[in-house]
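Undergrad: Once you've had a glance at the structure underneath, I'll fire off some questions.
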Amino acid sequence: MPELPEVETIRRELKPKIINQKIQDCIILRKDIIALPTPRKFCRSIVNEEITDVTRRAKYLILELTNYKKLIFHLRLSGVISLKSCDTEPERFTRAIIKLQDYQLFFNEPRVLGRIYLIKNDERPEILKGYLNLGYEPISPEFDFNYFRERIRNRKARIKSLLLDQHICAGVGNIYSDEALFHAGIRPLRRAYRLTIEETFKLLLSLKNVLNKAIDNFGTSVSDYKRTDGKDGNFQNFLFVYSNEGKPCRICGTEIILKKIGSRNTRYCPKCQK
Ligand SMILES: [Zn+2]
C-alpha cells in the first residue's frame with residue numbers, strides 16, 4: 001500500500017529528527033519481521049551504530065548507518081513507521097522498536113507482511129533481489145521518454161500491469177498507476193504496444209505529475225498509511241479514480257468502474273479513458 005510518495009514523506013519527516021542519533025537498543029516483538037540476518041544478530045549489529053542518512057529507493061526506506069551498514073524497511077501492504085517519545089509503550093501491532101537517543105522508532109505492521117533487512121553496503125543477498133533489481137523511478141531524470149518507450153513498446157501486457165512492474169516503474173503501485181492512467185486518458189486494459197507515441201508521452205508526464213503532487217501532499221491515506229506523527233496524508237482529496245469506484249467521474253459524471261487486471265483491482269472512467 002505505501003508507494004513512492006508515502007515512503008518519501010516518511011523519509012522527509014524522519015531525516016531531520018533522527019540523523020546523527022545513536023541506536024541505543026533494539027527490541028523485536030515479532031521475529032519474522034526481521035528477514036536478514038537473524039533477529040539476535042540484527043540487534044547486536046545495529047546497537048551503538050549511528051544513523052548517517054535516511055534515504056529511499058522506490059518503496060523501500062533506508063537508514064544508512066556507520067560502518068557501512070544499511071537498515072532497509074519494506075512496508076509492503078500495511079507497515080507503518082512512527083516516531084515516538086522515549087517513554088511510549090509498544091502498541092498492539094508494534095513488531096520492532098529501535099531506540100534512539102531522543103526517540104523510539106516503532107515499526108507497526110498488523111498483517112506482519114512488512115520486513116526489515118540489515119546488510120553491508122556491498123552485499124547483494126538473493127532475498128533482496130527485488131530491491132537490487134529495481135528500474136528507474138518515474139520522478140527521476142533518468143526516467144525519460146526513451147527509457148519508458150523502450151520498455152513498453154513491444155510488450156503485449158496490459159499497460160496497467162507494466163506500470164506496476166518494479167523493473168520498469170520503481171515505486172509505483174495501485175494508487176498512482178490508476179491515477180496516472182486517468183490523467184493521461186488511457187484505459188488500463190490497453191495492450192502496451194498499442195499506445196501511440198503521443199499517449200506514451202502523456203502517460204510519462206502524468207506519472208511524474210501525479211507522484212510529485214502526491215509527495216507535496218504527504219501521500220494518500222485511504223487505509224493503513226499514516227505519517228510518522230500519526231496524521232493522515234492529504235492526497236486522498238485529489239484522487240479521481242482510485243477508491244472512487246461507483247462514484248461519478250469528477251470530470252464527466254460517468255460512473256467509475258472497478259475491474260480486476262491480473263490479481264489487482266483497477267479503477268477507471270469508461271468515458272474519459274480510451
Ligand atoms: Zn470521466
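Convention: chains lettered A, B, ... in C-alpha cells order; per-chain residue numbering from 1; ligands numbered from 1 as shown.
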List the neighbours of segment 89-95 of chain A out to 7 Å using only C-alpha atoms; skip same-chain residues closer than 2 positions along the sequence, and give me the result as a list in words.

TA: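 Using only C-alpha atoms, the neighbours found are Ile28, Leu29, Arg30, Ile33, Asp87, Phe106, Phe107, Asn108, Glu109 and Pro110 of chain A.
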
Undergrad: With only C-alpha atoms and all ligand atoms counted, collect every polymer residue having an atom within 8 Å of ligand 1; state the result as a PDB file with N, CA and C atoms, in the first residue's frame.

TA:
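What follows is the written file result15.pdb:
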ATOM      1  N   PRO A 248     -19.529   9.115  -9.369  1.00  0.00           N
ATOM      2  CA  PRO A 248     -19.446   9.775 -10.673  1.00  0.00           C
ATOM      3  C   PRO A 248     -18.048  10.358 -10.909  1.00  0.00           C
ATOM      4  N   CYS A 249     -17.568  10.232 -12.142  1.00  0.00           N
ATOM      5  CA  CYS A 249     -16.282  10.815 -12.524  1.00  0.00           C
ATOM      6  C   CYS A 249     -16.299  12.315 -12.251  1.00  0.00           C
ATOM      7  N   ARG A 250     -15.198  12.832 -11.716  1.00  0.00           N
ATOM      8  CA  ARG A 250     -15.144  14.262 -11.374  1.00  0.00           C
ATOM      9  C   ARG A 250     -15.080  15.145 -12.614  1.00  0.00           C
ATOM     10  N   ILE A 251     -14.777  14.552 -13.760  1.00  0.00           N
ATOM     11  CA  ILE A 251     -14.722  15.330 -14.996  1.00  0.00           C
ATOM     12  C   ILE A 251     -16.032  15.233 -15.786  1.00  0.00           C
ATOM     13  N   CYS A 252     -16.535  13.985 -15.986  1.00  0.00           N
ATOM     14  CA  CYS A 252     -17.659  13.814 -16.919  1.00  0.00           C
ATOM     15  C   CYS A 252     -18.925  13.261 -16.273  1.00  0.00           C
ATOM     16  N   GLY A 253     -18.855  12.823 -15.016  1.00  0.00           N
ATOM     17  CA  GLY A 253     -20.050  12.336 -14.331  1.00  0.00           C
ATOM     18  C   GLY A 253     -20.367  10.862 -14.536  1.00  0.00           C
ATOM     19  N   THR A 254     -19.673  10.194 -15.470  1.00  0.00           N
ATOM     20  CA  THR A 254     -19.890   8.760 -15.696  1.00  0.00           C
ATOM     21  C   THR A 254     -19.404   7.967 -14.472  1.00  0.00           C
ATOM     22  N   GLU A 255     -20.060   6.838 -14.215  1.00  0.00           N
ATOM     23  CA  GLU A 255     -19.686   6.057 -13.037  1.00  0.00           C
ATOM     24  C   GLU A 255     -18.302   5.408 -13.215  1.00  0.00           C
ATOM     25  N   ILE A 256     -17.451   5.532 -12.188  1.00  0.00           N
ATOM     26  CA  ILE A 256     -16.109   4.918 -12.215  1.00  0.00           C
ATOM     27  C   ILE A 256     -16.252   3.407 -12.031  1.00  0.00           C
ATOM     28  N   CYS A 269     -12.399   5.523 -15.627  1.00  0.00           N
ATOM     29  CA  CYS A 269     -13.613   6.130 -16.171  1.00  0.00           C
ATOM     30  C   CYS A 269     -13.773   5.653 -17.613  1.00  0.00           C
ATOM     31  N   PRO A 270     -14.895   4.964 -17.915  1.00  0.00           N
ATOM     32  CA  PRO A 270     -15.055   4.410 -19.271  1.00  0.00           C
ATOM     33  C   PRO A 270     -15.241   5.484 -20.336  1.00  0.00           C
ATOM     34  N   LYS A 271     -15.515   6.734 -19.924  1.00  0.00           N
ATOM     35  CA  LYS A 271     -15.693   7.778 -20.919  1.00  0.00           C
ATOM     36  C   LYS A 271     -14.403   8.587 -21.120  1.00  0.00           C
ATOM     37  N   CYS A 272     -13.759   8.994 -20.040  1.00  0.00           N
ATOM     38  CA  CYS A 272     -12.546   9.817 -20.153  1.00  0.00           C
ATOM     39  C   CYS A 272     -11.329   9.020 -20.619  1.00  0.00           C
ATOM     40  N   GLN A 273     -11.350   7.706 -20.406  1.00  0.00           N
ATOM     41  CA  GLN A 273     -10.162   6.895 -20.737  1.00  0.00           C
ATOM     42  C   GLN A 273     -10.453   6.003 -21.933  1.00  0.00           C
TER      43      GLN A 273
END

Undergrad: Got a sec to tell me which of segment 30-160 of chain A DSSP assigns to strand (DSSP E), as a CSV table (one decimal) with C-alpha atoms, in the first residue's frame?

TA:
chain,number,residue,atom,x,y,z
A,34,ILE,CA,13.5,-9.4,10.6
A,35,ALA,CA,14.2,-11.0,7.3
A,36,LEU,CA,18.0,-10.7,7.4
A,51,ILE,CA,22.3,7.0,11.6
A,52,THR,CA,24.3,8.9,9.0
A,53,ASP,CA,21.5,9.4,6.5
A,54,VAL,CA,17.8,8.5,5.7
A,55,THR,CA,17.3,7.6,2.1
A,56,ARG,CA,14.7,5.8,-0.1
A,57,ARG,CA,14.7,3.6,-3.1
A,60,TYR,CA,12.0,0.9,0.5
A,61,LEU,CA,13.1,3.2,3.3
A,62,ILE,CA,16.7,3.0,4.2
A,63,LEU,CA,18.6,4.1,7.3
A,64,GLU,CA,22.3,4.4,6.4
A,65,LEU,CA,24.4,3.5,9.5
A,69,LYS,CA,25.6,-0.8,7.3
A,70,LYS,CA,22.2,-0.3,5.7
A,71,LEU,CA,18.9,-0.9,7.5
A,72,ILE,CA,16.2,-1.4,4.9
A,73,PHE,CA,12.5,-1.3,5.7
A,74,HIS,CA,9.9,-2.7,3.2
A,80,VAL,CA,3.7,1.9,9.5
A,81,ILE,CA,6.8,3.7,10.8
A,82,SER,CA,6.3,6.2,13.5
A,83,LEU,CA,8.4,8.3,15.8
A,84,LYS,CA,7.5,8.2,19.5
A,94,THR,CA,4.3,-2.9,17.2
A,95,ARG,CA,6.7,-5.6,15.8
A,96,ALA,CA,10.0,-3.9,16.3
A,97,ILE,CA,11.3,-0.9,18.2
A,98,ILE,CA,14.6,0.9,17.5
A,99,LYS,CA,15.5,3.1,20.5
A,104,GLN,CA,11.8,5.5,19.6
A,105,LEU,CA,11.2,4.3,16.1
A,106,PHE,CA,8.2,2.0,16.0
A,107,PHE,CA,7.6,-0.4,13.2
A,108,ASN,CA,3.9,-1.4,13.4
A,115,ARG,CA,10.1,-6.8,6.6
A,116,ILE,CA,13.4,-5.3,7.9
A,117,TYR,CA,16.8,-6.2,6.4
A,118,LEU,CA,20.3,-5.3,7.5
A,119,ILE,CA,23.1,-5.5,5.0
A,120,LYS,CA,26.6,-4.2,4.5

Undergrad: So, counting only C-alpha atoms, which residue among A:Val112, A:Gln21, A:Thr9, A:Tyr136 is closest to Asp232 of chain A?

TA: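 Checking each of A:Val112, A:Gln21, A:Thr9, A:Tyr136 against Asp232 of chain A, counting only C-alpha atoms, the winner is A:Thr9.
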
Undergrad: Just the residues within 6 Å of Gly114 of chain A, please, counting only C-alpha atoms, with nothing from its chain fewer than 4 positions along; format it as a ChimeraX atom specification.

TA: /A:74-76,79

Undergrad: Write a file of the just-selected residues containing C-alpha atoms, as a PDB file, in the first residue's frame.

TA:
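Result file follows (selection-v7.pdb):
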ATOM      1  CA  HIS A  74       9.940  -2.737   3.247  1.00  0.00           C
ATOM      2  CA  LEU A  75       6.476  -1.675   4.400  1.00  0.00           C
ATOM      3  CA  ARG A  76       4.557  -3.928   1.975  1.00  0.00           C
ATOM      4  CA  GLY A  79       3.664  -1.379   7.573  1.00  0.00           C
TER       5      GLY A  79
END

Undergrad: Find, counting only C-alpha atoms, the residue in A:Ala157, A:Ile19, A:Ile168, A:Val222 that gets nearest to Arg191 of chain A.

TA: A:Ala157

Undergrad: At most 8 Å is the cut-off: for each residue in segment 7-50 of chain A with any atom that close to an atom of segment 224-228 of chain A, write down the nearest atom pair and the distance in Å rounded to one decimal, counting only C-alpha atoms, chain first then increasing number, as CSV.

TA:
residue,atom,partner,partner_atom,distance
A:Thr9,CA,A:Arg227,CA,7.2
A:Ile10,CA,A:Thr228,CA,6.1
A:Glu13,CA,A:Thr228,CA,6.8
A:Leu14,CA,A:Thr228,CA,7.3

Undergrad: Any chance you can output those residues with N, CA and C atoms as a compact mmCIF listing (two decimals), in the first residue's frame?

TA:
# COMPACT_ATOMS: atom_id res chain seq x y z
N THR A 9 7.52 10.67 1.96
CA THR A 9 7.03 11.52 3.06
C THR A 9 7.64 11.07 4.39
N ILE A 10 7.63 9.77 4.61
CA ILE A 10 8.21 9.22 5.86
C ILE A 10 9.69 9.60 5.93
N GLU A 13 10.21 13.26 6.80
CA GLU A 13 9.87 13.58 8.19
C GLU A 13 10.89 13.01 9.18
N LEU A 14 11.41 11.82 8.86
CA LEU A 14 12.35 11.19 9.79
C LEU A 14 13.72 11.86 9.78

Undergrad: Excluding Lys22 of chain A and its own-chain neighbours fewer than 3 positions away, which residues fall within 6 Å of it when counting only C-alpha atoms? Please give them as a list in words.

TA: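 Those residues are Asn48, Glu49, Glu50 and Leu100 of chain A.
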
Undergrad: Give the answer as one residue: which of A:Leu211, A:Val47, A:Leu113, A:Leu239 has the shortest atom-to-atom distance to Ser78 of chain A, using only C-alpha atoms?

TA: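 Closest to Ser78 of chain A of all the choices is A:Leu113.
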
Undergrad: Apply DSSP to the structure's backbone, then extract all residues of segment 16-120 of chain A labelled alpha helix (DSSP H) and return them as a list in words.

TA: Pro16, Lys17, Ile18, Pro39, Arg40, Lys41, Phe42, Cys43, Arg44, Ser45 and Ile46 of chain A

Undergrad: Pull C-alpha atoms from the residues just selected and write them as a CSV table (one decimal), in the first residue's frame.

TA:
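Generated file (selection_20.csv):
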chain,number,residue,atom,x,y,z
A,16,PRO,CA,15.9,15.9,10.3
A,17,LYS,CA,14.9,14.2,13.6
A,18,ILE,CA,16.9,11.0,13.6
A,39,PRO,CA,16.9,-11.2,15.0
A,40,ARG,CA,19.6,-11.6,17.6
A,41,LYS,CA,22.4,-10.8,15.2
A,42,PHE,CA,20.3,-7.9,13.7
A,43,CYS,CA,20.0,-6.2,17.1
A,44,ARG,CA,23.7,-6.9,18.0
A,45,SER,CA,24.8,-5.4,14.7
A,46,ILE,CA,22.9,-2.1,14.9

Undergrad: Could you name the residues that touch Gly173 of chain A at 6 Å or less, counting only C-alpha atoms, but leaving out those on the same chain fewer than 3 positions away, as JSON, numbers by chain?

TA: {"A": [3, 164, 176]}

Undergrad: Take the residues from that selection and put them in a file with C-alpha atoms, as a compact mmCIF listing (two decimals), in the first residue's frame.

TA:
# COMPACT_ATOMS: atom_id res chain seq x y z
CA GLU A 3 4.04 3.64 -2.57
CA LEU A 164 3.15 -1.94 -11.58
CA TYR A 176 -0.63 6.03 -8.69

Undergrad: For Gln236 of chain A, work out the shell of residues within 10 Å, counting only C-alpha atoms and skipping chain neighbours fewer than 4 positions away, then give it as number ranges by chain.

TA: A: 175, 214, 217-222, 232, 240, 242-243

Undergrad: Write out as a CSV table (one decimal) with C-alpha atoms, in the first residue's frame each polymer residue whose atoms come within 8 Å of His183 of chain A, counting only C-alpha atoms; drop sequence neighbours fewer than 3 positions from it.

TA:
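The new file out_26.csv reads:
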chain,number,residue,atom,x,y,z
A,179,GLU,CA,-4.4,7.9,-11.3
A,180,ALA,CA,-1.7,8.4,-13.9
A,186,ILE,CA,-5.7,5.8,-21.3
A,203,LEU,CA,1.5,8.9,-19.6
A,206,SER,CA,1.2,12.1,-16.0

Undergrad: So, with only C-alpha atoms as the atoms that count, which of A:Asp216, A:Glu198, A:Asp229, A:Glu8 lies closest to Phe145 of chain A?

TA: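 Comparing A:Asp216, A:Glu198, A:Asp229, A:Glu8 against Phe145 of chain A, the winner is A:Glu198.
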